[in-house]
Amino acid sequence: MVLVAVFGVALLIAVLLSGLAARTVLSTSLLFLVSGALVSDGFLGLIHITPDSEIVSVTADLALFAVLFTDGMHVSFPKLRENWRSPARALGLGMPLAFLGTALVTHYLVDLDWTTSFLVGAVLAPTDPVFASAIVGRKEVPARLRQLLNVESGINDGLALPLVLILIAAAGPTAGHADASLAKIALELGLGLALGVLLPLLVNGLVRFRLLGSEPKLQPLLPLAIGIILYGLCHLTHANPYLAAFSAGAVLTAASPEAKSAFEPLGEALAELAKFAALLVFGALLTPQLFGGMSLGGYVAVVLAIVLIRPASLLLSLIGTRFDRREKLVAAWFGPKGFASVVYGLLVLQSGIPQGHEAYTLIAVCIATSIIAHSSTDVPIARLFHVEDLTGIPAERDQDEATVPRTKETGHVRT
């Protein structure tokens with residue numbers, strides 16, 4: 001109950017400060033992260049959470065599923081068909097380059113063996129723009145830039161998972177059986193994709209029956225029901241829930257735009273709650289012992305992964321595209337490490353591989369640093385695209401600007 005009370009207090013403070021956070025570098029994501037750290041064993045000792053606690057994996061899993069489900073709803077298949085080359089470059093070239101670059105600095109600066117170093121690279125390769133919602137969620141930001149970041153983040157989680165599982169098998173007691181695991185991983189991914197596509201189509205077909213359909217006040221619950229069923233089915237069948245969530249959101253939007261419109265406010269709120277809960281729990285793992293247990297080389301590797309490897313990898317992948325210089329720089333910077341990396345990092349820690357603890361420490365510190373860096377810089381960078389109102393609260397203006405019409409709000413709240 002202490003954790004629930006702390007969450008409620010942090011949520012209240014976040015709501016009260018959200019208007020200020022939307023116009024400054026203050027971040028509500030950082031608030032939950034710090035709140036979790038303060039009440040943990042490392043400081044006040046009010047709650048006791050360890051990396052092997054079930055609440056850690058459950059909250060991270062639910063948060064990632066919820067975020068990907070709502071992210072998938074922002075995908076427009078017609079626009080994606082017109083602008084598929086840039087996301088394909090980011091996934092096909094930028095992501096592998098970031099994976100290899102992270103593995104190299106991990107091996108040479110942290111002194112992990114090659115297999116574990118590549119494992120760290122695979123865990124930290126996925127990006128999560130939920131921590132840069134002032135960029136991805138703003139209509140004033142060029143649509144092709146938002147589409148690039150959204151599609152990249154939604155798909156790279158599923159692409160990284162097979163490699164993570166194979167490298168865990170190669171680094172641990174099951175080394176030598178990676179080929180056997182590959183077929184199982186492919187089956188899980190395929191099943192996740194199939195469930196994510198078929199379930200929304202099936203439900204959409206049922207709604208079209210004359211005797212079926214929902215009252216207006218219950219319409220937002222239809223996509224929610226799809227998400228709950230999909231989450232349960234994925235865990236019962238061992239299908240990949242993350243690929244299923246993203247594909248289900250995208251298919252639901254394409255099949256039933258009205259369902260997407262009805263669910264969007266509720267879905268965004270639920271995804272925010274799940275994200276905040278996961279951040280609070282993850283913050284409880286960020287003890288002084290964790291940060292003190294990492295070498296200087298580890299900190300250098302973290303900085304390089306965030307400020308050099310990701311930006312350089314994506315910039316190289318976008319050479320020759322129609323993005324202008326400003327758009328390329330913004331896309332390159334916003335490569336935050338989020339809930340996919342949290343989930344995969346916990347898999348590494350719980351796998352029992354020889355250097356698993358050292359790898360997890362590096363992963364956790366990199367995620368925490370990324371959340372702080374990216375969630376605190378989204379608003380200033382969004383303003384490069386002349387974004388003024390980042391919440392429903394008007395920004396301050398000079399007297400001579402009072403009569404100038406304001407940009408239409410989209411309703412997104414910065415996190």
# chains A, B, ... in the order shown; residues from 1 in each chain; ligands from 1
call {"tool": "select_by_dssp", "arguments": {"residues": "range 127-263 of chain A", "states": "helix (DSSP H, G or I)", "output": "MDAnalysis selection string"}}
result
chainID A and resid 129:136 143:171 178:207 216:218 221:237 241:255 257:263
call {"tool": "closest_residue", "arguments": {"among": "A:Leu20, A:Val379, A:Val207, A:Leu314", "to": "Arg89 in chain A", "atoms": "only C-alpha atoms"}}
result
A:Leu314
call {"tool": "residues_around", "arguments": {"residues": "range 349-353 of chain A", "least_positions_apart": "6", "cutoff": "7 Å", "atoms": "only C-alpha atoms", "output": "PyMOL selection string"}}
result
chain A and resi 52+171-172+360
call {"tool": "write_last_selection", "arguments": {"atoms": "N, CA and C atoms", "output": "mmCIF file, in the first residue's frame"}}
result
data_model
loop_
_atom_site.group_PDB
_atom_site.id
_atom_site.type_symbol
_atom_site.label_atom_id
_atom_site.label_comp_id
_atom_site.auth_asym_id
_atom_site.auth_seq_id
_atom_site.Cartn_x
_atom_site.Cartn_y
_atom_site.Cartn_z
ATOM 1 N N ASP A 52 14.452 -8.835 -9.267
ATOM 2 C CA ASP A 52 13.735 -10.088 -9.489
ATOM 3 C C ASP A 52 12.330 -10.065 -8.902
ATOM 4 N N ALA A 171 25.127 -16.887 -24.505
ATOM 5 C CA ALA A 171 26.001 -16.478 -23.414
ATOM 6 C C ALA A 171 25.846 -17.326 -22.162
ATOM 7 N N GLY A 172 24.745 -18.083 -22.076
ATOM 8 C CA GLY A 172 24.458 -18.816 -20.849
ATOM 9 C C GLY A 172 24.647 -20.307 -20.965
ATOM 10 N N TYR A 360 23.404 -5.834 -16.793
ATOM 11 C CA TYR A 360 22.178 -5.173 -16.339
ATOM 12 C C TYR A 360 22.477 -3.805 -15.731
#
call {"tool": "closest_residue", "arguments": {"among": "A:Tyr231, A:Phe209, A:Tyr299, A:Trp114", "to": "Gln355 in chain A", "atoms": "only C-alpha atoms"}}
result
A:Trp114
call {"tool": "atom_distance", "arguments": {"atom1": "CA of Gly36 in chain A", "atom2": "CA of Val281 in chain A"}}
result
6.0 Å
call {"tool": "residues_around", "arguments": {"residues": "range 250-252 of chain A", "least_positions_apart": "6", "cutoff": "12 Å", "atoms": "only C-alpha atoms", "output": "JSON, numbers by chain"}}
result
{"A": [68, 69, 70, 71, 72, 73, 74, 75, 76, 77, 78, 80, 150, 151, 154, 155, 193, 194, 195, 196, 197, 198, 199, 200, 201, 202, 203, 204, 205, 222, 223, 224, 226, 227, 243, 244, 258, 259, 260, 261, 262, 263, 264]}
call {"tool": "atom_distance", "arguments": {"atom1": "CA of Val39 in chain A", "atom2": "CA of Gly293 in chain A"}}
result
20.2 Å
call {"tool": "atom_distance", "arguments": {"atom1": "CA of Ser317 in chain A", "atom2": "CA of Pro87 in chain A"}}
result
9.6 Å
call {"tool": "residues_around", "arguments": {"residues": "Phe323 in chain A", "least_positions_apart": "5", "cutoff": "10 Å", "atoms": "only C-alpha atoms", "output": "list in words"}}
result
Ser86, Pro142, Arg144, Leu145, Leu318, Lys328, Leu329 and Ala331 of chain A
call {"tool": "closest_residue", "arguments": {"among": "A:Leu221, A:Leu31, A:Ala186, A:Ala284", "to": "Leu17 in chain A", "atoms": "only C-alpha atoms"}}
result
A:Leu31
call {"tool": "residues_around", "arguments": {"residues": "Gly192 in chain A", "least_positions_apart": "4", "cutoff": "9 Å", "atoms": "only C-alpha atoms", "output": "PyMOL selection string"}}
result
chain A and resi 187-188+196-197+234+238-245+247
call {"tool": "closest_residue", "arguments": {"among": "A:Thr361, A:Leu124, A:Ser29, A:Arg81", "to": "Thr287 in chain A", "atoms": "only C-alpha atoms"}}
result
A:Thr361
call {"tool": "residues_around", "arguments": {"residues": "Leu119 in chain A", "least_positions_apart": "6", "cutoff": "12 Å", "atoms": "only C-alpha atoms", "output": "short mmCIF file (atom, residue, chain, number, x, y, z; two decimals) with all heavy atoms, in the first residue's frame"}}
result
data_model
loop_
_atom_site.label_atom_id
_atom_site.label_comp_id
_atom_site.auth_asym_id
_atom_site.auth_seq_id
_atom_site.Cartn_x
_atom_site.Cartn_y
_atom_site.Cartn_z
N PHE A 99 23.41 -0.89 -32.83
CA PHE A 99 23.66 -2.16 -32.14
C PHE A 99 25.16 -2.48 -32.13
O PHE A 99 25.74 -2.79 -31.08
CB PHE A 99 22.85 -3.25 -32.83
CG PHE A 99 23.36 -4.65 -32.61
CD1 PHE A 99 23.31 -5.24 -31.36
CD2 PHE A 99 23.89 -5.38 -33.67
CE1 PHE A 99 23.78 -6.54 -31.16
CE2 PHE A 99 24.35 -6.67 -33.49
CZ PHE A 99 24.30 -7.24 -32.22
N LEU A 100 25.79 -2.36 -33.29
CA LEU A 100 27.22 -2.67 -33.39
C LEU A 100 28.07 -1.65 -32.63
O LEU A 100 29.03 -2.01 -31.94
CB LEU A 100 27.64 -2.70 -34.86
CG LEU A 100 27.08 -3.86 -35.70
CD1 LEU A 100 27.44 -3.68 -37.17
CD2 LEU A 100 27.60 -5.20 -35.18
N THR A 102 27.24 0.21 -30.01
CA THR A 102 27.09 -0.01 -28.57
C THR A 102 27.86 -1.23 -28.11
O THR A 102 28.49 -1.23 -27.04
CB THR A 102 25.61 -0.15 -28.19
OG1 THR A 102 24.88 1.00 -28.64
CG2 THR A 102 25.43 -0.29 -26.69
N ALA A 103 27.82 -2.28 -28.92
CA ALA A 103 28.56 -3.50 -28.57
C ALA A 103 30.07 -3.24 -28.52
O ALA A 103 30.77 -3.73 -27.61
CB ALA A 103 28.24 -4.60 -29.58
N LEU A 104 30.56 -2.46 -29.45
CA LEU A 104 32.00 -2.17 -29.49
C LEU A 104 32.46 -1.39 -28.26
O LEU A 104 33.45 -1.75 -27.61
CB LEU A 104 32.34 -1.40 -30.76
CG LEU A 104 32.34 -2.20 -32.07
CD1 LEU A 104 32.51 -1.28 -33.26
CD2 LEU A 104 33.45 -3.26 -32.05
N THR A 106 30.98 -1.17 -25.43
CA THR A 106 30.77 -2.00 -24.23
C THR A 106 31.93 -2.96 -24.04
O THR A 106 32.44 -3.13 -22.92
CB THR A 106 29.45 -2.79 -24.35
OG1 THR A 106 28.36 -1.87 -24.44
CG2 THR A 106 29.25 -3.69 -23.14
N HIS A 107 32.38 -3.58 -25.12
CA HIS A 107 33.47 -4.55 -25.02
C HIS A 107 34.78 -3.88 -24.61
O HIS A 107 35.48 -4.36 -23.71
CB HIS A 107 33.65 -5.27 -26.35
CG HIS A 107 34.79 -6.24 -26.35
ND1 HIS A 107 34.76 -7.44 -25.67
CD2 HIS A 107 36.02 -6.17 -26.94
CE1 HIS A 107 35.90 -8.07 -25.85
NE2 HIS A 107 36.69 -7.33 -26.61
N LEU A 112 33.43 -6.38 -21.05
CA LEU A 112 32.58 -7.56 -21.11
C LEU A 112 32.99 -8.40 -22.31
O LEU A 112 33.56 -7.88 -23.27
CB LEU A 112 31.11 -7.15 -21.25
CG LEU A 112 30.50 -6.34 -20.10
CD1 LEU A 112 29.03 -6.06 -20.37
CD2 LEU A 112 30.66 -7.05 -18.77
N ASP A 113 32.70 -9.71 -22.25
CA ASP A 113 33.06 -10.56 -23.39
C ASP A 113 32.20 -10.18 -24.60
O ASP A 113 31.20 -9.47 -24.47
CB ASP A 113 32.89 -12.04 -23.03
CG ASP A 113 31.46 -12.40 -22.68
OD1 ASP A 113 30.57 -12.24 -23.53
OD2 ASP A 113 31.22 -12.84 -21.53
N ALA A 125 19.35 -1.19 -28.35
CA ALA A 125 19.08 -0.73 -29.72
C ALA A 125 17.68 -0.15 -29.90
O ALA A 125 17.51 0.84 -30.61
CB ALA A 125 19.31 -1.88 -30.71
N ALA A 160 14.32 -6.40 -32.10
CA ALA A 160 15.43 -6.62 -31.18
C ALA A 160 15.24 -7.87 -30.33
O ALA A 160 16.23 -8.52 -29.95
CB ALA A 160 15.60 -5.41 -30.27
N LEU A 161 13.99 -8.23 -30.02
CA LEU A 161 13.75 -9.33 -29.09
C LEU A 161 14.36 -10.66 -29.54
O LEU A 161 14.99 -11.35 -28.72
CB LEU A 161 12.25 -9.49 -28.86
CG LEU A 161 11.85 -10.60 -27.88
CD1 LEU A 161 12.47 -10.36 -26.51
CD2 LEU A 161 10.33 -10.70 -27.77
N PRO A 162 14.21 -11.09 -30.81
CA PRO A 162 14.83 -12.36 -31.20
C PRO A 162 16.33 -12.38 -30.95
O PRO A 162 16.88 -13.37 -30.47
CB PRO A 162 14.51 -12.48 -32.69
CG PRO A 162 13.33 -11.61 -32.90
CD PRO A 162 13.46 -10.49 -31.93
N LEU A 163 16.99 -11.27 -31.29
CA LEU A 163 18.45 -11.20 -31.11
C LEU A 163 18.81 -11.25 -29.63
O LEU A 163 19.79 -11.89 -29.24
CB LEU A 163 18.98 -9.92 -31.75
CG LEU A 163 20.50 -9.80 -31.89
CD1 LEU A 163 21.05 -10.98 -32.68
CD2 LEU A 163 20.86 -8.49 -32.58
N VAL A 164 18.02 -10.58 -28.79
CA VAL A 164 18.27 -10.61 -27.34
C VAL A 164 18.18 -12.04 -26.83
O VAL A 164 19.06 -12.52 -26.09
CB VAL A 164 17.26 -9.70 -26.60
CG1 VAL A 164 17.34 -9.94 -25.10
CG2 VAL A 164 17.54 -8.24 -26.91
N LEU A 165 17.13 -12.75 -27.21
CA LEU A 165 16.93 -14.12 -26.71
C LEU A 165 18.01 -15.07 -27.23
O LEU A 165 18.50 -15.94 -26.49
CB LEU A 165 15.55 -14.62 -27.12
CG LEU A 165 14.35 -13.86 -26.52
CD1 LEU A 165 13.04 -14.42 -27.05
CD2 LEU A 165 14.38 -13.92 -25.00
N ILE A 166 18.41 -14.91 -28.48
CA ILE A 166 19.45 -15.76 -29.05
C ILE A 166 20.79 -15.52 -28.36
O ILE A 166 21.52 -16.46 -28.02
CB ILE A 166 19.57 -15.52 -30.57
CG1 ILE A 166 18.33 -16.03 -31.29
CG2 ILE A 166 20.82 -16.19 -31.13
CD1 ILE A 166 18.27 -15.64 -32.75
N LEU A 167 21.11 -14.25 -28.10
CA LEU A 167 22.38 -13.93 -27.44
C LEU A 167 22.38 -14.37 -25.98
O LEU A 167 23.43 -14.76 -25.45
CB LEU A 167 22.65 -12.44 -27.55
CG LEU A 167 23.03 -11.95 -28.96
CD1 LEU A 167 23.03 -10.43 -29.03
CD2 LEU A 167 24.41 -12.50 -29.35
N ILE A 168 21.24 -14.32 -25.30
CA ILE A 168 21.16 -14.85 -23.94
C ILE A 168 21.44 -16.34 -23.95
O ILE A 168 22.19 -16.87 -23.11
CB ILE A 168 19.77 -14.57 -23.32
CG1 ILE A 168 19.65 -13.08 -22.98
CG2 ILE A 168 19.56 -15.41 -22.06
CD1 ILE A 168 18.28 -12.69 -22.45
N ALA A 169 20.85 -17.04 -24.93
CA ALA A 169 21.09 -18.48 -25.05
C ALA A 169 22.55 -18.77 -25.35
O ALA A 169 23.13 -19.72 -24.82
CB ALA A 169 20.19 -19.07 -26.14
N ALA A 170 23.17 -17.93 -26.18
CA ALA A 170 24.57 -18.14 -26.54
C ALA A 170 25.51 -17.83 -25.39
O ALA A 170 26.59 -18.43 -25.27
CB ALA A 170 24.92 -17.28 -27.75
N ALA A 171 25.13 -16.89 -24.50
CA ALA A 171 26.00 -16.48 -23.41
C ALA A 171 25.85 -17.33 -22.16
O ALA A 171 26.71 -17.30 -21.29
CB ALA A 171 25.72 -15.01 -23.05
N GLY A 172 24.74 -18.08 -22.08
CA GLY A 172 24.46 -18.82 -20.85
C GLY A 172 24.65 -20.31 -20.96
O GLY A 172 25.29 -20.80 -21.91
N SER A 341 13.73 -1.74 -23.44
CA SER A 341 15.05 -1.99 -22.88
C SER A 341 14.97 -2.41 -21.42
O SER A 341 15.78 -3.22 -20.95
CB SER A 341 15.93 -0.73 -23.02
OG SER A 341 16.16 -0.43 -24.38
N TYR A 344 13.87 -6.11 -21.55
CA TYR A 344 14.96 -6.95 -22.03
C TYR A 344 16.12 -6.98 -21.04
O TYR A 344 16.80 -8.00 -20.89
CB TYR A 344 15.44 -6.46 -23.40
CG TYR A 344 14.36 -6.44 -24.46
CD1 TYR A 344 14.50 -5.68 -25.63
CD2 TYR A 344 13.17 -7.15 -24.29
CE1 TYR A 344 13.51 -5.66 -26.59
CE2 TYR A 344 12.18 -7.12 -25.25
CZ TYR A 344 12.36 -6.37 -26.40
OH TYR A 344 11.37 -6.33 -27.35
N GLY A 345 16.38 -5.85 -20.37
CA GLY A 345 17.42 -5.83 -19.35
C GLY A 345 17.11 -6.76 -18.20
O GLY A 345 18.01 -7.43 -17.67
N LEU A 347 15.36 -9.47 -18.49
CA LEU A 347 15.60 -10.82 -19.01
C LEU A 347 17.07 -11.20 -18.88
O LEU A 347 17.40 -12.34 -18.54
CB LEU A 347 15.17 -10.90 -20.48
CG LEU A 347 13.67 -10.84 -20.79
CD1 LEU A 347 13.45 -10.86 -22.30
CD2 LEU A 347 12.94 -12.00 -20.13
N VAL A 348 17.93 -10.24 -19.16
CA VAL A 348 19.37 -10.48 -19.04
C VAL A 348 19.74 -10.79 -17.60
O VAL A 348 20.47 -11.75 -17.30
CB VAL A 348 20.17 -9.26 -19.55
CG1 VAL A 348 21.67 -9.44 -19.26
CG2 VAL A 348 19.95 -9.07 -21.04
N LEU A 349 19.23 -9.98 -16.66
CA LEU A 349 19.57 -10.17 -15.24
C LEU A 349 19.06 -11.50 -14.72
O LEU A 349 19.75 -12.19 -13.96
CB LEU A 349 18.97 -9.03 -14.42
CG LEU A 349 19.29 -9.06 -12.93
CD1 LEU A 349 20.78 -8.86 -12.68
CD2 LEU A 349 18.49 -8.01 -12.18
N ILE A 353 23.29 -15.59 -16.77
CA ILE A 353 24.52 -15.70 -17.57
C ILE A 353 25.69 -15.13 -16.76
O ILE A 353 25.49 -14.33 -15.84
CB ILE A 353 24.38 -14.96 -18.91
CG1 ILE A 353 24.13 -13.46 -18.70
CG2 ILE A 353 23.26 -15.56 -19.74
CD1 ILE A 353 24.09 -12.66 -19.99
N GLN A 355 28.08 -12.82 -16.93
CA GLN A 355 28.26 -11.38 -16.74
C GLN A 355 26.93 -10.63 -16.78
O GLN A 355 26.88 -9.45 -17.12
CB GLN A 355 29.23 -10.83 -17.80
CG GLN A 355 30.65 -11.36 -17.67
CD GLN A 355 31.60 -10.76 -18.69
OE1 GLN A 355 31.29 -10.68 -19.88
NE2 GLN A 355 32.77 -10.32 -18.23
N GLY A 356 25.87 -11.32 -16.40
CA GLY A 356 24.54 -10.74 -16.47
C GLY A 356 24.35 -9.53 -15.57
O GLY A 356 23.71 -8.55 -15.95
N GLU A 358 26.66 -7.37 -14.44
CA GLU A 358 27.38 -6.23 -14.97
C GLU A 358 26.65 -5.63 -16.18
O GLU A 358 26.57 -4.40 -16.33
CB GLU A 358 28.80 -6.62 -15.37
CG GLU A 358 29.70 -7.01 -14.22
CD GLU A 358 29.56 -8.49 -13.84
OE1 GLU A 358 28.58 -9.14 -14.29
OE2 GLU A 358 30.43 -8.98 -13.10
N ALA A 359 26.12 -6.52 -17.03
CA ALA A 359 25.38 -6.04 -18.20
C ALA A 359 24.12 -5.29 -17.78
O ALA A 359 23.81 -4.22 -18.33
CB ALA A 359 25.03 -7.22 -19.10
N TYR A 360 23.40 -5.83 -16.79
CA TYR A 360 22.18 -5.17 -16.34
C TYR A 360 22.48 -3.81 -15.73
O TYR A 360 21.74 -2.85 -15.96
CB TYR A 360 21.44 -6.04 -15.31
CG TYR A 360 20.32 -5.29 -14.63
CD1 TYR A 360 19.11 -5.08 -15.28
CD2 TYR A 360 20.49 -4.76 -13.34
CE1 TYR A 360 18.09 -4.37 -14.68
CE2 TYR A 360 19.47 -4.05 -12.74
CZ TYR A 360 18.27 -3.86 -13.40
OH TYR A 360 17.27 -3.15 -12.81
N LEU A 362 24.88 -1.73 -16.47
CA LEU A 362 25.14 -0.81 -17.58
C LEU A 362 23.83 -0.42 -18.28
O LEU A 362 23.59 0.75 -18.59
CB LEU A 362 26.10 -1.45 -18.58
CG LEU A 362 26.44 -0.63 -19.83
CD1 LEU A 362 27.14 0.66 -19.46
CD2 LEU A 362 27.29 -1.46 -20.79
N ILE A 363 22.97 -1.40 -18.52
CA ILE A 363 21.69 -1.17 -19.19
C ILE A 363 20.81 -0.23 -18.36
O ILE A 363 20.23 0.73 -18.88
CB ILE A 363 20.98 -2.51 -19.46
CG1 ILE A 363 21.73 -3.31 -20.52
CG2 ILE A 363 19.53 -2.27 -19.90
CD1 ILE A 363 21.31 -4.76 -20.61
#
